[in-house]
Amino acid sequence: ASYKISIPKLKISDAVVSTFDNDLSQHLVQYGGTTVPPEKGTAVIYGHSTLPQLYKEGDYKTIFANIHQLTTGDDIIVTVNGKTYIYKVQSVSITDPSDTSFFQQNFDGNYLTLVSCTPPGTTWKRLIIKTKMQ
């Protein structure tokens with residue numbers, strides 16, 4: 001029903017990802033119908049961003065305030081049922097809210113995509129962070 005992700009570069013530790021509801025004030029949310037780690041396919045996780053200066057540790061309404069700082073090669077650590085998996089950032093891109101191509105499943109490996117609004121504090125565009133399990 002849930003698992004955890006950590007993003008060392010952003011000092012996010014053991015953030016809960018729900019696979020069963022959409023309450024972004026309580027946790028991150030995995031988009032329904034996407035693969036759950038560590039199964040092959042693409043897990044798509046989304047969370048709130050806000051102005052970086054409003055970030056508050058443990059507050060899911062601000063959790064992705066600094067996600068724009070991630071770059072290729074950064075680690076995302078996923079913990080499912082007590083087992084840890086390391087994903088590396090492969091790409092960072094910005095798209096229009098109407099673009100849903102990042103939901104596409106890719107079953108040739110284990111992928112995780114993080115999605116939030118950008119610029120921080122707005123809903124103008126979507127920031128897409130694509131990662132692959134190492």
# chains A, B, ... in the order shown; residues from 1 in each chain; ligands from 1
call {"tool": "residues_around", "arguments": {"residues": "segment 103-109 of chain A", "least_positions_apart": "5", "cutoff": "7 Å", "atoms": "only C-alpha atoms", "output": "VMD selection string"}}
result
chain A and resid 40 to 42 44
call {"tool": "residues_around", "arguments": {"residues": "Lys125 of chain A", "least_positions_apart": "3", "cutoff": "12 Å", "atoms": "only C-alpha atoms", "output": "list of chain:residue names"}}
result
A:Ser49, A:Ser93, A:Ile94, A:Thr95, A:Asp96, A:Pro97, A:Ser98, A:Asp99, A:Thr100, A:Val115, A:Ser116, A:Cys117, A:Thr118, A:Pro119, A:Pro120, A:Gly121, A:Thr122, A:Ile128
call {"tool": "write_last_selection", "arguments": {"atoms": "C-alpha atoms", "output": "mmCIF file, in the first residue's frame"}}
result
data_model
loop_
_atom_site.group_PDB
_atom_site.id
_atom_site.type_symbol
_atom_site.label_atom_id
_atom_site.label_comp_id
_atom_site.auth_asym_id
_atom_site.auth_seq_id
_atom_site.Cartn_x
_atom_site.Cartn_y
_atom_site.Cartn_z
ATOM 1 C CA SER A 49 6.445 21.997 -4.797
ATOM 2 C CA SER A 93 12.998 18.064 -18.252
ATOM 3 C CA ILE A 94 10.152 20.564 -18.220
ATOM 4 C CA THR A 95 6.893 20.028 -20.071
ATOM 5 C CA ASP A 96 3.431 21.510 -20.415
ATOM 6 C CA PRO A 97 0.714 20.301 -18.008
ATOM 7 C CA SER A 98 -1.138 18.756 -20.968
ATOM 8 C CA ASP A 99 1.835 16.481 -21.829
ATOM 9 C CA THR A 100 1.223 13.048 -20.322
ATOM 10 C CA VAL A 115 6.735 14.848 -11.170
ATOM 11 C CA SER A 116 6.040 18.267 -9.682
ATOM 12 C CA CYS A 117 5.019 21.741 -10.753
ATOM 13 C CA THR A 118 7.568 24.289 -11.927
ATOM 14 C CA PRO A 119 8.721 27.019 -11.529
ATOM 15 C CA PRO A 120 8.484 26.328 -7.773
ATOM 16 C CA GLY A 121 5.370 27.917 -6.328
ATOM 17 C CA THR A 122 3.467 27.895 -9.636
ATOM 18 C CA ILE A 128 9.909 15.594 -14.873
#
call {"tool": "residues_around", "arguments": {"residues": "segment 62-72 of chain A", "least_positions_apart": "5", "cutoff": "6 Å", "atoms": "only C-alpha atoms", "output": "PDB file with C-alpha atoms, in the first residue's frame"}}
result
ATOM      1  CA  HIS A  48       3.855  19.337  -4.147  1.00  0.00           C
ATOM      2  CA  SER A  49       6.445  21.997  -4.797  1.00  0.00           C
ATOM      3  CA  THR A  50       6.479  25.533  -3.482  1.00  0.00           C
ATOM      4  CA  LEU A  51       8.922  28.393  -3.249  1.00  0.00           C
ATOM      5  CA  PRO A  52      12.219  26.926  -1.935  1.00  0.00           C
ATOM      6  CA  TYR A  55      10.359  24.305   2.397  1.00  0.00           C
ATOM      7  CA  VAL A  89      18.655  10.375 -12.238  1.00  0.00           C
ATOM      8  CA  GLN A  90      18.865   9.920 -16.023  1.00  0.00           C
ATOM      9  CA  SER A  91      17.186  13.130 -17.191  1.00  0.00           C
TER      10      SER A  91
END
call {"tool": "residues_around", "arguments": {"residues": "Leu24 of chain A", "least_positions_apart": "3", "cutoff": "12 Å", "atoms": "only C-alpha atoms", "output": "short mmCIF file (atom, residue, chain, number, x, y, z; two decimals) with all heavy atoms, in the first residue's frame"}}
result
data_model
loop_
_atom_site.label_atom_id
_atom_site.label_comp_id
_atom_site.auth_asym_id
_atom_site.auth_seq_id
_atom_site.Cartn_x
_atom_site.Cartn_y
_atom_site.Cartn_z
N ALA A 15 10.45 9.48 2.88
CA ALA A 15 9.15 10.07 2.55
C ALA A 15 8.20 8.96 2.10
O ALA A 15 8.57 8.12 1.28
CB ALA A 15 9.30 11.11 1.45
N VAL A 16 7.02 8.94 2.64
CA VAL A 16 6.03 7.91 2.32
C VAL A 16 5.43 8.18 0.95
O VAL A 16 5.06 9.32 0.64
CB VAL A 16 4.94 7.85 3.40
CG1 VAL A 16 3.83 6.87 3.00
CG2 VAL A 16 5.53 7.46 4.74
N VAL A 17 5.31 7.11 0.15
CA VAL A 17 4.65 7.17 -1.15
C VAL A 17 3.43 6.26 -1.07
O VAL A 17 3.56 5.06 -0.83
CB VAL A 17 5.58 6.68 -2.29
CG1 VAL A 17 4.83 6.74 -3.63
CG2 VAL A 17 6.86 7.48 -2.34
N SER A 18 2.25 6.83 -1.24
CA SER A 18 1.02 6.05 -1.20
C SER A 18 0.67 5.51 -2.58
O SER A 18 0.79 6.22 -3.57
CB SER A 18 -0.13 6.92 -0.70
OG SER A 18 -1.35 6.21 -0.79
N THR A 19 0.22 4.27 -2.61
CA THR A 19 -0.26 3.68 -3.85
C THR A 19 -1.78 3.56 -3.85
O THR A 19 -2.35 3.00 -4.77
CB THR A 19 0.35 2.27 -4.06
OG1 THR A 19 -0.05 1.43 -2.97
CG2 THR A 19 1.86 2.33 -4.13
N PHE A 20 -2.44 4.11 -2.81
CA PHE A 20 -3.88 3.89 -2.69
C PHE A 20 -4.75 5.13 -2.56
O PHE A 20 -5.96 5.04 -2.62
CB PHE A 20 -4.19 2.94 -1.53
CG PHE A 20 -3.76 3.46 -0.19
CD1 PHE A 20 -4.62 4.19 0.60
CD2 PHE A 20 -2.48 3.20 0.29
CE1 PHE A 20 -4.22 4.67 1.83
CE2 PHE A 20 -2.08 3.67 1.53
CZ PHE A 20 -2.96 4.41 2.30
N ASP A 21 -4.16 6.31 -2.31
CA ASP A 21 -4.98 7.51 -2.28
C ASP A 21 -4.20 8.70 -2.82
O ASP A 21 -3.03 8.58 -3.12
CB ASP A 21 -5.57 7.78 -0.88
CG ASP A 21 -4.56 8.32 0.10
OD1 ASP A 21 -3.76 9.20 -0.25
OD2 ASP A 21 -4.57 7.88 1.26
N HIS A 27 1.36 12.61 2.13
CA HIS A 27 2.42 11.77 1.57
C HIS A 27 2.58 12.09 0.10
O HIS A 27 1.80 12.84 -0.47
CB HIS A 27 2.10 10.28 1.75
CG HIS A 27 0.66 9.95 1.48
ND1 HIS A 27 0.08 10.07 0.23
CD2 HIS A 27 -0.33 9.55 2.31
CE1 HIS A 27 -1.19 9.74 0.29
NE2 HIS A 27 -1.47 9.42 1.55
N LEU A 28 3.60 11.51 -0.51
CA LEU A 28 3.72 11.54 -1.96
C LEU A 28 2.72 10.54 -2.52
O LEU A 28 2.25 9.65 -1.79
CB LEU A 28 5.14 11.17 -2.37
CG LEU A 28 6.24 12.14 -1.92
CD1 LEU A 28 7.62 11.53 -2.13
CD2 LEU A 28 6.11 13.45 -2.65
N VAL A 29 2.42 10.64 -3.80
CA VAL A 29 1.41 9.76 -4.40
C VAL A 29 1.97 9.12 -5.65
O VAL A 29 2.57 9.79 -6.50
CB VAL A 29 0.13 10.55 -4.73
CG1 VAL A 29 -0.87 9.70 -5.50
CG2 VAL A 29 -0.51 11.10 -3.45
N GLN A 30 1.78 7.79 -5.74
CA GLN A 30 2.13 7.10 -6.97
C GLN A 30 0.91 7.11 -7.87
O GLN A 30 -0.20 6.79 -7.44
CB GLN A 30 2.56 5.67 -6.71
CG GLN A 30 2.87 4.99 -8.04
CD GLN A 30 3.53 3.65 -7.89
OE1 GLN A 30 4.40 3.49 -7.07
NE2 GLN A 30 3.11 2.70 -8.70
N TYR A 31 1.13 7.51 -9.12
CA TYR A 31 0.03 7.57 -10.08
C TYR A 31 -0.51 6.16 -10.32
O TYR A 31 0.25 5.22 -10.60
CB TYR A 31 0.51 8.20 -11.38
CG TYR A 31 -0.62 8.47 -12.35
CD1 TYR A 31 -1.45 9.57 -12.17
CD2 TYR A 31 -0.87 7.61 -13.40
CE1 TYR A 31 -2.49 9.81 -13.04
CE2 TYR A 31 -1.91 7.85 -14.28
CZ TYR A 31 -2.72 8.95 -14.09
OH TYR A 31 -3.76 9.18 -14.96
N ILE A 45 5.69 9.08 -9.54
CA ILE A 45 5.39 9.64 -8.23
C ILE A 45 5.26 11.14 -8.36
O ILE A 45 6.09 11.79 -8.99
CB ILE A 45 6.53 9.31 -7.24
CG1 ILE A 45 6.66 7.80 -7.06
CG2 ILE A 45 6.29 10.00 -5.89
CD1 ILE A 45 7.90 7.40 -6.29
N TYR A 46 4.23 11.70 -7.75
CA TYR A 46 4.10 13.15 -7.79
C TYR A 46 3.93 13.72 -6.39
O TYR A 46 3.50 13.04 -5.46
CB TYR A 46 3.01 13.63 -8.73
CG TYR A 46 1.63 13.06 -8.53
CD1 TYR A 46 0.66 13.78 -7.85
CD2 TYR A 46 1.28 11.82 -9.05
CE1 TYR A 46 -0.62 13.28 -7.70
CE2 TYR A 46 0.01 11.31 -8.90
CZ TYR A 46 -0.94 12.04 -8.22
OH TYR A 46 -2.20 11.52 -8.06
N GLY A 47 4.37 14.98 -6.25
CA GLY A 47 4.30 15.66 -4.97
C GLY A 47 4.28 17.16 -5.18
O GLY A 47 4.56 17.65 -6.27
N HIS A 48 3.96 17.88 -4.10
CA HIS A 48 3.86 19.34 -4.15
C HIS A 48 5.23 20.00 -4.17
O HIS A 48 6.16 19.55 -3.54
CB HIS A 48 3.12 19.87 -2.91
CG HIS A 48 1.64 19.79 -3.01
ND1 HIS A 48 0.92 20.39 -4.00
CD2 HIS A 48 0.73 19.19 -2.19
CE1 HIS A 48 -0.37 20.17 -3.80
NE2 HIS A 48 -0.51 19.44 -2.72
N SER A 49 5.29 21.11 -4.90
CA SER A 49 6.44 22.00 -4.80
C SER A 49 5.92 23.35 -4.32
O SER A 49 4.72 23.61 -4.37
CB SER A 49 7.16 22.15 -6.14
OG SER A 49 6.37 22.87 -7.05
N ASP A 59 7.03 18.29 5.81
CA ASP A 59 5.76 18.84 5.34
C ASP A 59 5.56 18.44 3.88
O ASP A 59 6.27 18.92 2.99
CB ASP A 59 5.77 20.37 5.47
CG ASP A 59 4.46 21.01 5.05
OD1 ASP A 59 3.55 20.30 4.53
OD2 ASP A 59 4.34 22.23 5.22
N TYR A 60 4.61 17.56 3.63
CA TYR A 60 4.39 17.06 2.27
C TYR A 60 3.83 18.13 1.33
O TYR A 60 3.88 17.97 0.13
CB TYR A 60 3.49 15.83 2.29
CG TYR A 60 4.24 14.60 2.76
CD1 TYR A 60 4.18 14.19 4.08
CD2 TYR A 60 5.04 13.88 1.89
CE1 TYR A 60 4.89 13.07 4.52
CE2 TYR A 60 5.75 12.77 2.31
CZ TYR A 60 5.67 12.37 3.63
OH TYR A 60 6.37 11.28 4.05
N LYS A 61 3.35 19.25 1.87
CA LYS A 61 2.88 20.33 1.01
C LYS A 61 4.06 21.10 0.40
O LYS A 61 3.87 21.87 -0.53
CB LYS A 61 1.99 21.29 1.79
CG LYS A 61 0.68 20.65 2.22
CD LYS A 61 -0.14 21.61 3.04
CE LYS A 61 -1.32 20.92 3.67
NZ LYS A 61 -1.98 21.76 4.66
N THR A 62 5.26 20.88 0.94
CA THR A 62 6.46 21.58 0.44
C THR A 62 7.58 20.62 0.05
O THR A 62 8.67 21.06 -0.28
CB THR A 62 7.00 22.56 1.51
OG1 THR A 62 7.55 21.82 2.61
CG2 THR A 62 5.93 23.50 2.01
N ILE A 63 7.33 19.33 0.08
CA ILE A 63 8.38 18.33 -0.02
C ILE A 63 9.26 18.46 -1.28
O ILE A 63 10.46 18.23 -1.23
CB ILE A 63 7.81 16.90 0.11
CG1 ILE A 63 8.96 15.90 0.33
CG2 ILE A 63 6.94 16.54 -1.10
CD1 ILE A 63 8.52 14.59 0.90
N PHE A 64 8.69 18.83 -2.41
CA PHE A 64 9.46 18.93 -3.65
C PHE A 64 9.85 20.38 -3.98
O PHE A 64 10.12 20.70 -5.13
CB PHE A 64 8.70 18.30 -4.81
CG PHE A 64 8.79 16.79 -4.86
CD1 PHE A 64 7.95 16.09 -5.71
CD2 PHE A 64 9.69 16.08 -4.11
CE1 PHE A 64 8.02 14.70 -5.80
CE2 PHE A 64 9.77 14.69 -4.18
CZ PHE A 64 8.93 14.01 -5.03
N SER A 116 6.52 17.16 -10.50
CA SER A 116 6.04 18.27 -9.68
C SER A 116 5.82 19.48 -10.58
O SER A 116 6.18 19.47 -11.76
CB SER A 116 7.03 18.59 -8.57
OG SER A 116 6.42 19.40 -7.58
#
call {"tool": "closest_residue", "arguments": {"among": "A:Gly73, A:Val78, A:Glu39, A:Gln53", "to": "Ile12 of chain A", "atoms": "only C-alpha atoms"}}
result
A:Val78
call {"tool": "select_by_dssp", "arguments": {"residues": "chain A", "states": "helix (DSSP H, G or I)", "output": "VMD selection string"}}
result
chain A and resid 8 to 10 52 to 54 67 to 69 101 to 103
call {"tool": "write_last_selection", "arguments": {"atoms": "all heavy atoms", "output": "compact mmCIF listing (two decimals), in the first residue's frame"}}
result
# COMPACT_ATOMS: atom_id res chain seq x y z
N PRO A 8 18.95 11.92 -0.93
CA PRO A 8 20.02 12.50 -0.10
C PRO A 8 20.39 13.93 -0.47
O PRO A 8 20.58 14.76 0.43
CB PRO A 8 21.20 11.54 -0.33
CG PRO A 8 20.56 10.25 -0.73
CD PRO A 8 19.32 10.62 -1.48
N LYS A 9 20.49 14.25 -1.76
CA LYS A 9 20.89 15.60 -2.17
C LYS A 9 19.94 16.66 -1.62
O LYS A 9 20.34 17.78 -1.33
CB LYS A 9 20.96 15.69 -3.70
CG LYS A 9 21.43 17.04 -4.21
CD LYS A 9 21.58 17.04 -5.71
CE LYS A 9 22.17 18.34 -6.23
NZ LYS A 9 22.38 18.27 -7.69
N LEU A 10 18.65 16.31 -1.48
CA LEU A 10 17.64 17.26 -1.02
C LEU A 10 17.32 17.10 0.47
O LEU A 10 16.42 17.76 0.98
CB LEU A 10 16.37 17.11 -1.84
CG LEU A 10 16.51 17.28 -3.35
CD1 LEU A 10 15.16 17.17 -4.03
CD2 LEU A 10 17.20 18.58 -3.70
N PRO A 52 11.20 27.61 -2.76
CA PRO A 52 12.22 26.93 -1.94
C PRO A 52 12.33 27.47 -0.52
O PRO A 52 12.55 26.70 0.42
CB PRO A 52 13.50 27.14 -2.73
CG PRO A 52 13.04 27.22 -4.15
CD PRO A 52 11.72 27.97 -4.07
N GLN A 53 12.17 28.78 -0.33
CA GLN A 53 12.31 29.34 1.01
C GLN A 53 11.17 28.92 1.94
O GLN A 53 11.26 29.08 3.15
CB GLN A 53 12.45 30.87 0.97
CG GLN A 53 11.28 31.61 0.38
CD GLN A 53 11.40 31.88 -1.11
OE1 GLN A 53 12.02 31.10 -1.84
NE2 GLN A 53 10.81 32.98 -1.57
N LEU A 54 10.10 28.35 1.39
CA LEU A 54 8.98 27.87 2.20
C LEU A 54 9.10 26.39 2.57
O LEU A 54 8.24 25.85 3.28
CB LEU A 54 7.65 28.11 1.47
CG LEU A 54 7.32 29.57 1.18
CD1 LEU A 54 6.01 29.67 0.40
CD2 LEU A 54 7.27 30.40 2.45
N ILE A 67 13.23 20.19 -5.66
CA ILE A 67 13.44 19.09 -6.62
C ILE A 67 14.13 19.57 -7.91
O ILE A 67 14.82 18.81 -8.57
CB ILE A 67 12.11 18.37 -6.93
CG1 ILE A 67 12.38 17.01 -7.57
CG2 ILE A 67 11.21 19.22 -7.76
CD1 ILE A 67 11.17 16.15 -7.71
N HIS A 68 13.99 20.87 -8.21
CA HIS A 68 14.64 21.43 -9.40
C HIS A 68 16.17 21.39 -9.29
O HIS A 68 16.86 21.58 -10.28
CB HIS A 68 14.16 22.87 -9.63
CG HIS A 68 14.50 23.79 -8.51
ND1 HIS A 68 13.77 23.83 -7.35
CD2 HIS A 68 15.51 24.67 -8.38
CE1 HIS A 68 14.33 24.72 -6.52
NE2 HIS A 68 15.38 25.25 -7.13
N GLN A 69 16.71 21.10 -8.11
CA GLN A 69 18.16 21.03 -7.91
C GLN A 69 18.74 19.68 -8.33
O GLN A 69 19.96 19.52 -8.40
CB GLN A 69 18.51 21.30 -6.45
CG GLN A 69 18.17 22.70 -6.00
CD GLN A 69 18.45 22.91 -4.52
OE1 GLN A 69 18.98 22.06 -3.83
NE2 GLN A 69 18.08 24.08 -4.03
N SER A 101 3.07 12.20 -21.64
CA SER A 101 3.95 11.15 -22.18
C SER A 101 4.79 10.48 -21.10
O SER A 101 5.19 9.33 -21.25
CB SER A 101 4.84 11.71 -23.29
OG SER A 101 5.70 12.71 -22.77
N PHE A 102 5.05 11.17 -19.99
CA PHE A 102 5.89 10.59 -18.94
C PHE A 102 5.18 9.45 -18.20
O PHE A 102 5.81 8.72 -17.43
CB PHE A 102 6.36 11.66 -17.95
CG PHE A 102 5.24 12.40 -17.27
CD1 PHE A 102 4.65 11.91 -16.13
CD2 PHE A 102 4.80 13.61 -17.79
CE1 PHE A 102 3.62 12.60 -15.51
CE2 PHE A 102 3.78 14.31 -17.17
CZ PHE A 102 3.19 13.80 -16.03
N PHE A 103 3.88 9.27 -18.43
CA PHE A 103 3.16 8.14 -17.83
C PHE A 103 3.40 6.83 -18.57
O PHE A 103 3.07 5.76 -18.08
CB PHE A 103 1.64 8.40 -17.82
CG PHE A 103 1.22 9.45 -16.83
CD1 PHE A 103 0.60 10.60 -17.27
CD2 PHE A 103 1.42 9.28 -15.48
CE1 PHE A 103 0.19 11.58 -16.38
CE2 PHE A 103 1.02 10.25 -14.56
CZ PHE A 103 0.40 11.40 -15.02
call {"tool": "select_by_dssp", "arguments": {"residues": "segment 23-85 of chain A", "states": "strand (DSSP E or B)", "output": "number ranges by chain"}}
result
A: 28-30, 41-46, 75-80, 83-85
call {"tool": "closest_residue", "arguments": {"among": "A:Leu112, A:Met133, A:Thr123, A:Pro37", "to": "Asn81 of chain A", "atoms": "only C-alpha atoms"}}
result
A:Pro37
call {"tool": "atom_distance", "arguments": {"atom1": "atom CA of Lys88 of chain A", "atom2": "atom CA of Gln134 of chain A"}}
result
6.8 Å
call {"tool": "closest_residue", "arguments": {"among": "A:Ala43, A:Ala1, A:Val92, A:Leu127", "to": "Asp74 of chain A", "atoms": "only C-alpha atoms"}}
result
A:Val92
call {"tool": "closest_residue", "arguments": {"among": "A:Thr35, A:Thr84, A:Thr79, A:Ser25", "to": "Thr113 of chain A", "atoms": "only C-alpha atoms"}}
result
A:Thr35
